[in-house]
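Asker: Below is the file input-v5.txt, with compact mmCIF, C-alpha atoms and all ligand atoms.
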# COMPACT_ATOMS: atom_id res chain seq x y z
CA MET A 170 -38.92 11.11 -25.96
CA SER A 171 -37.21 11.31 -29.32
CA ALA A 172 -33.97 9.62 -30.35
CA SER A 173 -32.25 13.01 -30.23
CA HIS A 174 -33.31 13.36 -26.58
CA LYS A 175 -31.55 10.08 -25.85
CA GLN A 176 -28.44 11.31 -27.55
CA GLN A 177 -28.56 14.54 -25.58
CA ILE A 178 -28.94 12.63 -22.32
CA GLN A 179 -25.95 10.46 -23.23
CA GLN A 180 -23.89 13.59 -23.94
CA LEU A 181 -24.94 15.16 -20.65
CA ALA A 182 -24.10 11.93 -18.82
CA ALA A 183 -20.66 11.86 -20.48
CA SER A 184 -20.04 15.47 -19.42
CA HIS A 185 -20.50 14.35 -15.81
CA GLY A 186 -18.08 11.45 -16.21
CA PHE A 187 -20.63 8.72 -17.05
CA ALA A 188 -19.07 7.45 -20.26
CA LEU A 189 -21.65 4.67 -20.36
CA CYS A 190 -25.38 5.38 -20.45
CA ALA A 191 -28.23 3.01 -21.37
CA PHE A 192 -32.01 2.98 -20.98
CA THR A 193 -34.35 0.23 -19.90
CA ARG A 194 -37.77 -0.41 -18.39
CA PRO A 195 -37.93 -0.88 -14.58
CA GLN A 196 -38.26 -4.66 -14.61
CA VAL A 197 -35.60 -7.31 -14.32
CA ASN A 198 -35.84 -10.63 -16.17
CA ALA A 199 -37.35 -13.64 -14.40
CA ILE A 200 -34.07 -15.51 -14.84
CA ASP A 201 -32.22 -12.84 -12.82
CA GLN A 202 -34.88 -12.95 -10.10
CA GLN A 203 -34.60 -16.73 -9.91
CA ALA A 204 -30.80 -16.59 -9.72
CA LEU A 205 -31.11 -14.16 -6.81
CA ASP A 206 -33.61 -16.46 -5.07
CA ARG A 207 -31.25 -19.43 -5.38
CA TRP A 208 -28.32 -17.36 -4.04
CA ILE A 209 -30.38 -16.23 -1.06
CA ASP A 210 -31.72 -19.77 -0.40
CA ALA A 211 -28.11 -21.04 -0.29
CA GLN A 212 -27.30 -18.27 2.23
CA MET A 213 -24.38 -17.09 0.11
CA TYR A 214 -24.97 -13.54 1.32
CA GLY A 215 -23.02 -14.24 4.51
CA ASP A 216 -23.78 -11.65 7.18
CA MET A 217 -25.57 -9.32 4.77
CA ASP A 218 -28.99 -10.20 6.20
CA TYR A 219 -30.49 -7.03 4.74
CA MET A 220 -30.18 -8.64 1.30
CA ALA A 221 -32.37 -11.60 2.26
CA GLU A 222 -34.86 -9.19 3.80
CA GLU A 223 -34.96 -7.07 0.65
CA VAL A 224 -35.66 -10.18 -1.41
CA ARG A 225 -38.35 -11.38 0.98
CA THR A 226 -40.09 -8.02 0.69
CA PHE A 227 -39.54 -8.01 -3.11
CA ARG A 228 -37.83 -4.60 -3.00
CA ARG A 229 -34.61 -5.86 -4.57
CA LYS A 230 -36.38 -7.75 -7.36
CA ASN A 231 -38.83 -5.09 -8.37
CA PRO A 232 -37.27 -1.76 -9.36
CA ALA A 233 -40.74 -0.34 -10.09
CA ASP A 234 -41.38 -0.27 -6.33
CA MET A 235 -38.62 2.30 -5.87
CA LEU A 236 -40.40 5.25 -7.50
CA ASP A 237 -44.07 5.98 -8.06
CA LYS A 238 -45.00 6.05 -11.79
CA ILE A 239 -41.47 5.14 -12.84
CA GLN A 240 -41.10 4.58 -16.60
CA THR A 241 -37.38 4.33 -17.22
CA VAL A 242 -34.17 3.24 -15.57
CA ILE A 243 -31.07 5.03 -16.88
CA SER A 244 -28.04 2.85 -16.15
CA LEU A 245 -24.78 4.76 -15.97
CA GLY A 246 -21.15 3.65 -15.91
CA MET A 247 -18.19 5.70 -14.71
CA PRO A 248 -14.84 4.14 -15.72
CA TYR A 249 -11.86 4.14 -13.41
CA SER A 250 -8.21 3.18 -13.89
CA ALA A 251 -7.23 -0.48 -13.83
CA PRO A 252 -4.53 -1.46 -11.33
CA GLU A 253 -0.99 -1.04 -12.58
CA ASP A 254 1.24 -4.03 -13.00
CA VAL A 255 3.87 -3.24 -10.33
CA ASP A 256 5.98 -5.24 -7.91
CA VAL A 257 4.52 -5.40 -4.42
CA SER A 258 6.79 -5.94 -1.45
CA PRO A 259 5.71 -8.14 1.51
CA GLN A 260 5.70 -4.99 3.64
CA GLN A 261 2.89 -3.45 1.57
CA GLY A 262 -0.84 -4.05 1.51
CA VAL A 263 -2.93 -4.29 -1.66
CA ILE A 264 -6.13 -2.28 -1.96
CA ALA A 265 -8.62 -3.01 -4.77
CA SER A 266 -8.22 -0.47 -7.54
CA TYR A 267 -11.72 0.96 -7.17
CA ALA A 268 -10.97 2.01 -3.58
CA ARG A 269 -7.63 3.73 -4.23
CA GLY A 270 -9.21 7.07 -5.09
CA ASP A 271 -11.73 9.22 -3.24
CA ASP A 272 -14.96 7.55 -2.13
CA TYR A 273 -16.88 6.86 -5.34
CA HIS A 274 -20.24 6.93 -3.54
CA GLU A 275 -19.87 10.58 -2.61
CA LEU A 276 -18.43 11.74 -5.90
CA MET A 277 -20.93 9.86 -8.06
CA LYS A 278 -23.92 10.93 -5.98
CA LYS A 279 -23.03 14.57 -6.60
CA LYS A 280 -22.61 13.95 -10.32
CA LEU A 281 -25.88 12.00 -10.51
CA LYS A 282 -27.75 14.84 -8.86
CA ALA A 283 -26.22 17.31 -11.31
CA LEU A 284 -27.28 15.05 -14.19
CA ALA A 285 -30.81 14.84 -12.73
CA ARG A 286 -31.00 18.64 -12.70
CA ASP A 287 -29.85 18.75 -16.33
CA LEU A 288 -32.61 16.26 -17.23
CA ASP A 289 -35.21 18.50 -15.60
CA THR A 290 -34.04 21.31 -17.86
CA LEU A 291 -34.01 19.09 -20.93
CA LEU A 292 -37.23 17.12 -20.42
CA GLY A 293 -39.25 19.21 -17.97
CA GLU A 294 -39.66 18.17 -14.33
CA HIS A 295 -40.15 14.46 -13.67
CA GLY A 296 -40.03 12.22 -10.60
CA GLN A 297 -36.44 11.03 -10.15
CA ARG A 298 -34.31 8.94 -7.82
CA VAL A 299 -30.56 8.35 -8.03
CA TYR A 300 -28.67 5.35 -6.68
CA VAL A 301 -25.04 4.40 -6.25
CA ASP A 302 -24.66 1.02 -4.66
CA THR A 303 -26.75 2.01 -1.65
CA ALA A 304 -30.25 0.78 -2.45
CA PRO A 305 -31.75 -2.64 -3.14
CA VAL A 306 -31.31 -2.36 -6.90
CA LEU A 307 -30.27 -5.26 -9.16
CA GLU A 308 -27.86 -2.98 -10.94
CA HIS A 309 -25.98 -5.56 -13.01
CA ALA A 310 -29.25 -7.06 -14.29
CA LEU A 311 -30.61 -3.62 -15.21
CA ALA A 312 -27.34 -2.64 -16.92
CA ALA A 313 -27.52 -5.85 -18.98
CA LYS A 314 -31.16 -5.23 -19.89
CA GLY A 315 -30.29 -1.78 -21.23
CA GLY A 316 -27.29 -3.17 -23.15
CA LEU A 317 -24.71 -1.20 -21.15
CA ALA A 318 -22.78 -4.35 -20.24
CA TRP A 319 -23.19 -8.07 -19.83
CA GLN A 320 -22.60 -10.02 -16.65
CA GLY A 321 -19.38 -12.02 -16.70
CA LYS A 322 -18.93 -15.41 -15.06
CA HIS A 323 -17.40 -13.56 -12.09
CA THR A 324 -20.80 -11.75 -11.86
CA LEU A 325 -19.37 -8.27 -12.54
CA SER A 326 -20.55 -6.21 -15.49
CA ILE A 327 -18.33 -6.14 -18.60
CA ASN A 328 -18.37 -3.58 -21.40
CA ARG A 329 -16.47 -3.98 -24.68
CA GLU A 330 -14.69 -0.63 -24.32
CA TYR A 331 -14.06 -0.40 -20.57
CA GLY A 332 -13.90 -4.06 -19.57
CA SER A 333 -15.11 -4.34 -15.99
CA TRP A 334 -13.26 -1.27 -14.66
CA PHE A 335 -16.24 0.99 -14.10
CA PHE A 336 -18.76 1.86 -11.40
CA LEU A 337 -22.47 1.45 -11.98
CA ALA A 338 -25.13 3.93 -10.93
CA GLU A 339 -28.80 4.38 -11.77
CA LEU A 340 -31.15 7.26 -12.37
CA PHE A 341 -34.81 6.22 -12.06
CA THR A 342 -37.23 8.58 -13.78
CA THR A 343 -40.92 8.95 -14.58
CA ALA A 344 -39.89 10.22 -18.03
CA ASN A 345 -40.79 7.75 -20.75
CA ILE A 346 -37.62 7.03 -22.73
CA ALA A 347 -37.45 4.23 -25.30
CA PRO A 348 -35.44 1.26 -23.97
CA ASP A 349 -32.19 0.07 -25.55
CA THR A 350 -31.53 -3.46 -26.72
CA GLU A 351 -30.52 -6.04 -24.12
CA ALA A 352 -26.86 -7.11 -23.98
CA THR A 353 -25.76 -10.55 -25.09
CA LEU A 354 -23.20 -12.63 -23.17
CA HIS A 355 -19.61 -12.65 -24.42
CA CYS A 356 -17.66 -14.86 -22.02
CA GLY A 357 -17.93 -17.72 -24.51
CA THR A 358 -15.96 -20.76 -23.42
CA CYS A 359 -13.58 -18.74 -21.22
CA ILE A 360 -13.49 -19.63 -17.54
CA ASP A 361 -10.24 -17.86 -16.57
CA CYS A 362 -11.68 -16.00 -13.60
CA ILE A 363 -12.93 -19.13 -11.83
CA PRO A 364 -9.56 -20.72 -10.89
CA ALA A 365 -8.01 -17.22 -10.48
CA CYS A 366 -10.05 -16.53 -7.35
CA PRO A 367 -7.69 -17.11 -4.40
CA THR A 368 -10.45 -18.46 -2.17
CA GLY A 369 -12.57 -20.30 -4.75
CA ALA A 370 -15.48 -17.90 -4.28
CA ILE A 371 -16.76 -18.30 -7.87
CA VAL A 372 -18.40 -21.59 -7.04
CA SER A 373 -19.77 -21.98 -10.56
CA PRO A 374 -20.15 -19.67 -13.56
CA TYR A 375 -22.21 -16.61 -12.60
CA ILE A 376 -22.37 -17.57 -8.90
CA VAL A 377 -20.14 -15.99 -6.25
CA ASP A 378 -20.39 -17.21 -2.67
CA ALA A 379 -19.89 -13.98 -0.72
CA ARG A 380 -18.82 -15.97 2.35
CA LEU A 381 -15.64 -16.93 0.48
CA CYS A 382 -15.07 -13.69 -1.43
CA ILE A 383 -12.13 -11.56 -0.27
CA SER A 384 -14.01 -8.38 -1.15
CA TYR A 385 -16.82 -9.36 1.21
CA LEU A 386 -14.50 -10.69 3.92
CA THR A 387 -12.22 -7.64 4.02
CA ILE A 388 -14.95 -4.99 3.75
CA GLU A 389 -18.49 -6.09 4.67
CA PHE A 390 -17.72 -8.87 7.11
CA LYS A 391 -17.14 -7.56 10.61
CA GLY A 392 -16.13 -10.73 12.47
CA PHE A 393 -13.22 -13.15 12.74
CA ILE A 394 -12.08 -14.27 9.30
CA PRO A 395 -12.27 -18.09 9.04
CA GLU A 396 -8.77 -19.42 9.58
CA ASN A 397 -8.68 -21.47 6.36
CA LEU A 398 -9.22 -18.29 4.30
CA ARG A 399 -6.48 -16.18 5.92
CA GLN A 400 -3.49 -17.54 4.01
CA PRO A 401 -5.20 -17.30 0.59
CA MET A 402 -5.94 -13.65 1.36
CA GLY A 403 -2.21 -12.92 1.08
CA ASN A 404 -1.66 -9.18 1.41
CA ARG A 405 -5.09 -8.06 0.14
CA ILE A 406 -6.28 -5.71 2.85
CA PHE A 407 -9.33 -4.10 1.21
CA GLY A 408 -11.13 -5.83 -1.65
CA CYS A 409 -9.61 -7.93 -4.42
CA ASP A 410 -9.13 -7.53 -8.18
CA ASP A 411 -7.89 -11.01 -9.07
CA CYS A 412 -10.89 -12.21 -11.09
CA GLN A 413 -10.82 -8.99 -13.12
CA MET A 414 -7.05 -9.04 -13.66
CA VAL A 415 -7.19 -12.29 -15.63
CA CYS A 416 -10.24 -11.41 -17.70
CA PRO A 417 -9.32 -11.13 -21.39
CA TRP A 418 -11.84 -8.31 -21.81
CA ASN A 419 -9.69 -6.21 -19.46
CA SER A 420 -6.40 -6.85 -21.23
CA LYS A 421 -6.74 -4.02 -23.76
CA VAL A 422 -8.61 -1.44 -21.74
CA GLU A 423 -7.03 2.01 -21.65
CA ALA A 424 -7.21 4.37 -18.67
CA PRO A 425 -10.28 6.63 -18.94
CA GLN A 426 -9.65 10.15 -20.21
CA ASN A 427 -11.56 11.67 -17.32
CA ASP A 428 -10.53 9.70 -14.28
CA PHE A 429 -12.45 11.44 -11.50
CA LEU A 430 -11.34 8.76 -9.10
CA LYS A 431 -7.57 8.84 -9.54
CA PRO A 432 -5.65 6.73 -7.01
CA ARG A 433 -4.48 8.67 -3.95
CA GLU A 434 -0.86 8.35 -3.00
CA ASP A 435 -1.57 7.08 0.51
CA THR A 436 -3.78 4.24 -0.70
CA PHE A 437 -1.42 3.01 -3.39
CA LEU A 438 0.28 -0.01 -1.83
CA PRO A 439 0.34 1.41 1.71
CA ASP A 440 2.94 0.38 4.23
CA LEU A 441 1.50 -2.28 6.56
CA ALA A 442 3.46 -1.04 9.59
CA MET A 443 2.11 2.49 9.07
CA LEU A 444 -1.47 1.17 8.89
CA LEU A 445 -1.11 -0.92 12.04
CA SER A 446 0.07 2.17 13.91
CA LEU A 447 -3.15 4.10 13.18
CA ASN A 448 -5.28 4.99 16.17
CA ASP A 449 -8.96 5.93 15.82
CA GLU A 450 -8.21 9.54 15.03
CA GLY A 451 -5.42 8.65 12.60
CA PHE A 452 -7.73 6.22 10.79
CA ARG A 453 -10.50 8.83 10.56
CA GLN A 454 -8.12 11.45 9.22
CA MET A 455 -6.53 9.20 6.66
CA PHE A 456 -9.72 7.65 5.26
CA ARG A 457 -12.22 10.48 5.76
CA LYS A 458 -12.75 10.83 2.01
CA SER A 459 -12.06 7.23 1.06
CA ALA A 460 -14.34 4.19 0.63
CA ILE A 461 -11.93 2.39 3.00
CA LYS A 462 -13.64 3.99 5.99
CA ARG A 463 -16.40 1.39 5.43
CA SER A 464 -14.25 -1.33 6.98
CA LYS A 465 -13.72 0.79 10.13
CA ARG A 466 -10.39 0.77 11.94
CA ALA A 467 -11.00 -2.64 13.53
CA GLY A 468 -11.76 -4.29 10.18
CA LEU A 469 -8.83 -2.74 8.33
CA LEU A 470 -6.28 -3.50 11.07
CA ARG A 471 -7.65 -7.05 11.29
CA ASN A 472 -6.85 -7.38 7.56
CA VAL A 473 -3.43 -5.78 8.08
CA CYS A 474 -2.61 -8.35 10.79
CA ILE A 475 -3.46 -11.13 8.33
CA ALA A 476 -1.26 -9.55 5.63
CA MET A 477 1.59 -9.30 8.15
CA GLY A 478 1.09 -12.94 9.13
CA ASN A 479 1.34 -13.88 5.45
CA SER A 480 4.39 -11.67 4.78
CA GLY A 481 7.03 -14.08 6.11
CA ASP A 482 8.72 -11.00 7.61
CA PRO A 483 9.61 -11.47 11.31
CA GLY A 484 10.39 -7.75 11.42
CA PHE A 485 6.65 -7.25 12.11
CA VAL A 486 6.78 -9.23 15.38
CA PRO A 487 7.50 -6.32 17.79
CA GLN A 488 4.63 -4.26 16.37
CA LEU A 489 2.27 -7.24 16.50
CA LEU A 490 3.23 -7.82 20.13
CA ASP A 491 2.52 -4.16 20.88
CA ILE A 492 -0.91 -4.32 19.29
CA LEU A 493 -1.87 -7.14 21.69
CA ASN A 494 -2.62 -4.26 24.06
CA ASP A 495 -5.12 -2.68 21.66
CA ALA A 496 -8.63 -2.17 23.01
CA GLU A 497 -10.19 -3.92 20.00
CA PRO A 498 -10.59 -7.72 20.40
CA LEU A 499 -10.85 -8.24 16.63
CA ILE A 500 -7.38 -6.78 16.13
CA ARG A 501 -5.80 -8.62 19.07
CA GLY A 502 -7.22 -11.97 17.94
CA HIS A 503 -5.78 -11.63 14.43
CA ALA A 504 -2.47 -10.32 15.77
CA VAL A 505 -2.13 -13.58 17.70
CA TRP A 506 -2.68 -15.54 14.49
CA ALA A 507 -0.10 -13.41 12.68
CA LEU A 508 2.43 -13.93 15.47
CA LYS A 509 1.92 -17.66 15.21
CA GLN A 510 2.65 -17.52 11.47
CA LEU A 511 5.79 -15.44 11.88
CA ALA A 512 7.22 -16.62 15.16
CA GLY A 513 5.12 -19.43 16.60
CA ASN A 514 8.20 -21.13 18.03
CA ASP A 515 10.11 -17.98 18.81
CA GLU A 516 11.28 -17.97 22.40
CA LYS A 517 11.05 -14.20 22.66
CA VAL A 518 7.41 -14.22 21.54
CA GLN A 519 6.59 -16.98 24.04
CA GLN A 520 8.37 -15.00 26.76
CA TYR A 521 6.48 -11.85 25.86
CA ILE A 522 3.15 -13.63 26.03
CA GLN A 523 4.24 -15.12 29.37
CA VAL A 524 5.02 -11.63 30.67
CA LEU A 525 1.57 -10.53 29.55
CA LYS A 526 0.05 -13.53 31.32
CA ASP A 527 1.96 -12.82 34.52
CA ASN A 528 0.80 -9.24 34.61
CA GLU A 529 -2.42 -9.01 36.58
CA GLN A 530 -3.61 -6.14 34.40
CA ASN A 531 -3.39 -8.22 31.23
CA LYS A 532 -5.37 -11.21 32.46
CA ASP A 533 -8.49 -10.09 30.58
CA VAL A 534 -6.61 -9.53 27.36
CA LEU A 535 -5.05 -12.98 27.51
CA ALA A 536 -8.34 -14.64 28.38
CA GLU A 537 -9.89 -12.99 25.33
CA ILE A 538 -7.01 -14.03 23.12
CA ALA A 539 -7.31 -17.64 24.31
CA SER A 540 -11.00 -17.63 23.55
CA PHE A 541 -10.40 -16.20 20.04
CA GLU A 542 -7.84 -18.88 19.42
CA ARG A 543 -10.43 -21.51 20.30
CA LYS A 544 -12.99 -19.86 18.00
CA THR A 545 -10.75 -19.60 14.96
S1 LIG B 1 -12.39 -14.17 -17.18
FE1 LIG B 1 -13.47 -15.16 -18.88
S2 LIG B 1 -15.24 -16.14 -17.88
FE2 LIG B 1 -14.45 -14.66 -16.42
S3 LIG B 1 -15.65 -12.82 -16.78
FE3 LIG B 1 -13.81 -12.62 -18.07
S4 LIG B 1 -14.41 -13.50 -20.09
FE4 LIG B 1 -15.96 -14.12 -18.58
Please render this file's structure as structure tokens.

Answerer:
Amino acid sequence: MSASHKQQIQQLAASHGFALCAFTRPQVNAIDQQALDRWIDAQMYGDMDYMAEEVRTFRRKNPADMLDKIQTVISLGMPYSAPEDVDVSPQQGVIASYARGDDYHELMKKKLKALARDLDTLLGEHGQRVYVDTAPVLEHALAAKGGLAWQGKHTLSINREYGSWFFLAELFTTANIAPDTEATLHCGTCIDCIPACPTGAIVSPYIVDARLCISYLTIEFKGFIPENLRQPMGNRIFGCDDCQMVCPWNSKVEAPQNDFLKPREDTFLPDLAMLLSLNDEGFRQMFRKSAIKRSKRAGLLRNVCIAMGNSGDPGFVPQLLDILNDAEPLIRGHAVWALKQLAGNDEKVQQYIQVLKDNEQNKDVLAEIASFERKT
């Protein structure tokens, strides 16, 4: 393909919202493969067992296995707005900026497919696959190889123009397009993101232990959050932006002109009490089009209980007592922890729990709560 074809592809990509577009061959560098091996060996993937499996079967390390006769990986970046610097009250929960708009998976998949159709028209029909975060693809390594971005010490991709506020996606194709030049690293001597992580998840430059990362804990992890990590979570109820907020490369980034993923009103600092009142249907309705549905109601309300426990606001106590009757053990267990933070010595809370204990119908609930307390 000629240089003008590349330019045309970049223009088409931009018209679909992919302001960043770079080309590379479908191989990742040995150094990236080795880093992944070390991360898996140290079991830093937490409960994401599928990752270890994908490494064992080489799928994650070898992009060429994903498409027969693949020649080129087109890495694409869609910028989104950075979080605004606003005051947050203890009654509100914080959602990572990328999840405040509509679900990026769905929107980007549609746009990738439209771009793939455009490429068929431009280059003639070729084998193609499109990916957004859903396949075993080393997307940061491929983006770096094509020069789209470099990997920061917090392990996210950074671009000079958009900082780290963009989503990555890939279009694999059998079309033979000349690769771009690999990115060089530009963190220099900076280490600002490492101490900024509330739970110390950046265990050394370029290594994040998912088991400590608030993004993993609040979204992917489905169990009881380790007790020592609950206070540092503060009021972050879905993901975390802290390592990106302090990065100097993000300090001068402007909001993208075409923000297809504008924050929704209901996910901009939502009211914790409102979230804890959501039943299954309410949760489905509210987050039908949002990436937040990934945490499921139990996961989100678990996180809300922790945020309430960290709020210092005893006004949450009646609602937390009410939720002790919820059918979901994960929510009840964390509500108990929150009650202890807010009113551990409160006579009324003790009395309420005693009433629950005395009620024959609640024996099971209390037995479960006691066992969660032992576990945490
Ligand atoms: S905060 Fe500093 S070390 Fe961390 S990613 Fe940004 S430039 Fe790199």

Asker: So the first atom is CA of Leu438 in chain A and the second is CA of Pro248 in chain A; what is the distance between them in Å, to one decimal place?

Answerer: 20.9 Å

Asker: For Leu430 in chain A, please output as a PDB file with C-alpha atoms, in the frame of the given file all residues within 12 Å (counting only C-alpha atoms; exclusion window: fewer than 5 positions along the same chain).

Answerer:
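Saved file around05.pdb follows:
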ATOM      1  CA  GLY A 186     -18.080  11.450 -16.210  1.00  0.00           C
ATOM      2  CA  MET A 247     -18.190   5.700 -14.710  1.00  0.00           C
ATOM      3  CA  PRO A 248     -14.840   4.140 -15.720  1.00  0.00           C
ATOM      4  CA  TYR A 249     -11.860   4.140 -13.410  1.00  0.00           C
ATOM      5  CA  SER A 250      -8.210   3.180 -13.890  1.00  0.00           C
ATOM      6  CA  ALA A 251      -7.230  -0.480 -13.830  1.00  0.00           C
ATOM      7  CA  SER A 266      -8.220  -0.470  -7.540  1.00  0.00           C
ATOM      8  CA  TYR A 267     -11.720   0.960  -7.170  1.00  0.00           C
ATOM      9  CA  ALA A 268     -10.970   2.010  -3.580  1.00  0.00           C
ATOM     10  CA  ARG A 269      -7.630   3.730  -4.230  1.00  0.00           C
ATOM     11  CA  GLY A 270      -9.210   7.070  -5.090  1.00  0.00           C
ATOM     12  CA  ASP A 271     -11.730   9.220  -3.240  1.00  0.00           C
ATOM     13  CA  ASP A 272     -14.960   7.550  -2.130  1.00  0.00           C
ATOM     14  CA  TYR A 273     -16.880   6.860  -5.340  1.00  0.00           C
ATOM     15  CA  HIS A 274     -20.240   6.930  -3.540  1.00  0.00           C
ATOM     16  CA  GLU A 275     -19.870  10.580  -2.610  1.00  0.00           C
ATOM     17  CA  LEU A 276     -18.430  11.740  -5.900  1.00  0.00           C
ATOM     18  CA  MET A 277     -20.930   9.860  -8.060  1.00  0.00           C
ATOM     19  CA  TRP A 334     -13.260  -1.270 -14.660  1.00  0.00           C
ATOM     20  CA  PHE A 335     -16.240   0.990 -14.100  1.00  0.00           C
ATOM     21  CA  PHE A 336     -18.760   1.860 -11.400  1.00  0.00           C
ATOM     22  CA  ALA A 424      -7.210   4.370 -18.670  1.00  0.00           C
ATOM     23  CA  PRO A 425     -10.280   6.630 -18.940  1.00  0.00           C
ATOM     24  CA  LYS A 458     -12.750  10.830   2.010  1.00  0.00           C
ATOM     25  CA  SER A 459     -12.060   7.230   1.060  1.00  0.00           C
ATOM     26  CA  ALA A 460     -14.340   4.190   0.630  1.00  0.00           C
TER      27      ALA A 460
END

Asker: Give me the residues of chain A that have any atom at most 10 Å from an atom of ligand LIG 1 (chain B); for each, the nearest atom pair and the distance in Å, rounded to one decimal. Use all atoms listed in the file, sort by chain and number, and format it as a Markdown table.

Answerer:
| residue | atom | partner | partner_atom | distance |
| --- | --- | --- | --- | --- |
| A:Trp319 | CA | B:LIG1 | S3 | 9.4 |
| A:Gln320 | CA | B:LIG1 | S3 | 7.5 |
| A:Gly321 | CA | B:LIG1 | S3 | 3.8 |
| A:Lys322 | CA | B:LIG1 | S3 | 4.5 |
| A:His323 | CA | B:LIG1 | S3 | 5.1 |
| A:Thr324 | CA | B:LIG1 | S3 | 7.2 |
| A:Leu325 | CA | B:LIG1 | S3 | 7.2 |
| A:Ser326 | CA | B:LIG1 | S3 | 8.3 |
| A:Ile327 | CA | B:LIG1 | S3 | 7.4 |
| A:Gly332 | CA | B:LIG1 | FE3 | 8.7 |
| A:Ser333 | CA | B:LIG1 | S3 | 8.5 |
| A:Leu354 | CA | B:LIG1 | FE4 | 8.7 |
| A:His355 | CA | B:LIG1 | S4 | 6.8 |
| A:Cys356 | CA | B:LIG1 | FE4 | 3.9 |
| A:Gly357 | CA | B:LIG1 | S4 | 7.1 |
| A:Thr358 | CA | B:LIG1 | S2 | 7.2 |
| A:Cys359 | CA | B:LIG1 | FE1 | 4.3 |
| A:Ile360 | CA | B:LIG1 | S2 | 3.9 |
| A:Asp361 | CA | B:LIG1 | S1 | 4.3 |
| A:Cys362 | CA | B:LIG1 | S1 | 4.1 |
| A:Ile363 | CA | B:LIG1 | FE2 | 6.6 |
| A:Pro364 | CA | B:LIG1 | S1 | 9.5 |
| A:Ala365 | CA | B:LIG1 | S1 | 8.6 |
| A:Ile371 | CA | B:LIG1 | FE2 | 9.6 |
| A:Pro374 | CA | B:LIG1 | S2 | 7.4 |
| A:Tyr375 | CA | B:LIG1 | S3 | 8.7 |
| A:Asp411 | CA | B:LIG1 | S1 | 9.8 |
| A:Cys412 | CA | B:LIG1 | S1 | 6.6 |
| A:Gln413 | CA | B:LIG1 | S1 | 6.8 |
| A:Met414 | CA | B:LIG1 | S1 | 8.2 |
| A:Val415 | CA | B:LIG1 | S1 | 5.7 |
| A:Cys416 | CA | B:LIG1 | S1 | 3.5 |
| A:Pro417 | CA | B:LIG1 | S4 | 5.8 |
| A:Trp418 | CA | B:LIG1 | FE3 | 6.0 |
| A:Asn419 | CA | B:LIG1 | FE3 | 7.7 |
| A:Ser420 | CA | B:LIG1 | FE3 | 9.9 |

Asker: Give as an MDAnalysis selection string every residue, naming chains and numbers as the document does, that has an atom within 6 Å of (-14.7, -5.8, -2.5), counting all atoms listed in the file.

Answerer: chainID A and resid 384:385 408:409

Asker: May I ask which of the residues A:Arg298, A:Lys431, A:Arg207, A:Arg194 is the closest one to Ala313 in chain A, counting all atoms listed in the file?

Answerer: A:Arg194

Asker: Could you pull range 415-426 of chain A out of the block above and save it with N, CA and C atoms, as a compact mmCIF listing (two decimals), in the first residue's frame?

Answerer:
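Contents of result.txt, freshly written:
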# COMPACT_ATOMS: atom_id res chain seq x y z
N VAL A 415 -2.22 12.77 38.09
CA VAL A 415 -0.97 13.44 38.47
C VAL A 415 0.06 13.46 37.34
N CYS A 416 -0.25 12.76 36.26
CA CYS A 416 0.75 12.62 35.19
C CYS A 416 0.95 13.96 34.47
N PRO A 417 2.19 14.44 34.40
CA PRO A 417 2.42 15.73 33.74
C PRO A 417 1.98 15.74 32.28
N TRP A 418 1.99 14.60 31.63
CA TRP A 418 1.56 14.56 30.22
C TRP A 418 0.07 14.84 30.08
N ASN A 419 -0.68 14.71 31.17
CA ASN A 419 -2.12 14.98 31.11
C ASN A 419 -2.47 16.41 31.49
N SER A 420 -1.46 17.18 31.95
CA SER A 420 -1.80 18.49 32.52
C SER A 420 -2.24 19.50 31.46
N LYS A 421 -1.84 19.30 30.21
CA LYS A 421 -2.19 20.31 29.19
C LYS A 421 -3.12 19.76 28.12
N VAL A 422 -3.71 18.63 28.38
CA VAL A 422 -4.56 18.01 27.36
C VAL A 422 -5.90 18.74 27.30
N GLU A 423 -6.34 19.04 26.09
CA GLU A 423 -7.65 19.68 25.93
C GLU A 423 -8.71 18.62 25.62
N ALA A 424 -9.96 18.94 25.94
CA ALA A 424 -11.05 18.00 25.65
C ALA A 424 -11.11 17.75 24.14
N PRO A 425 -11.35 16.51 23.72
CA PRO A 425 -11.40 16.23 22.28
C PRO A 425 -12.54 16.98 21.62
N GLN A 426 -12.32 17.34 20.34
CA GLN A 426 -13.39 18.08 19.63
C GLN A 426 -14.63 17.21 19.46
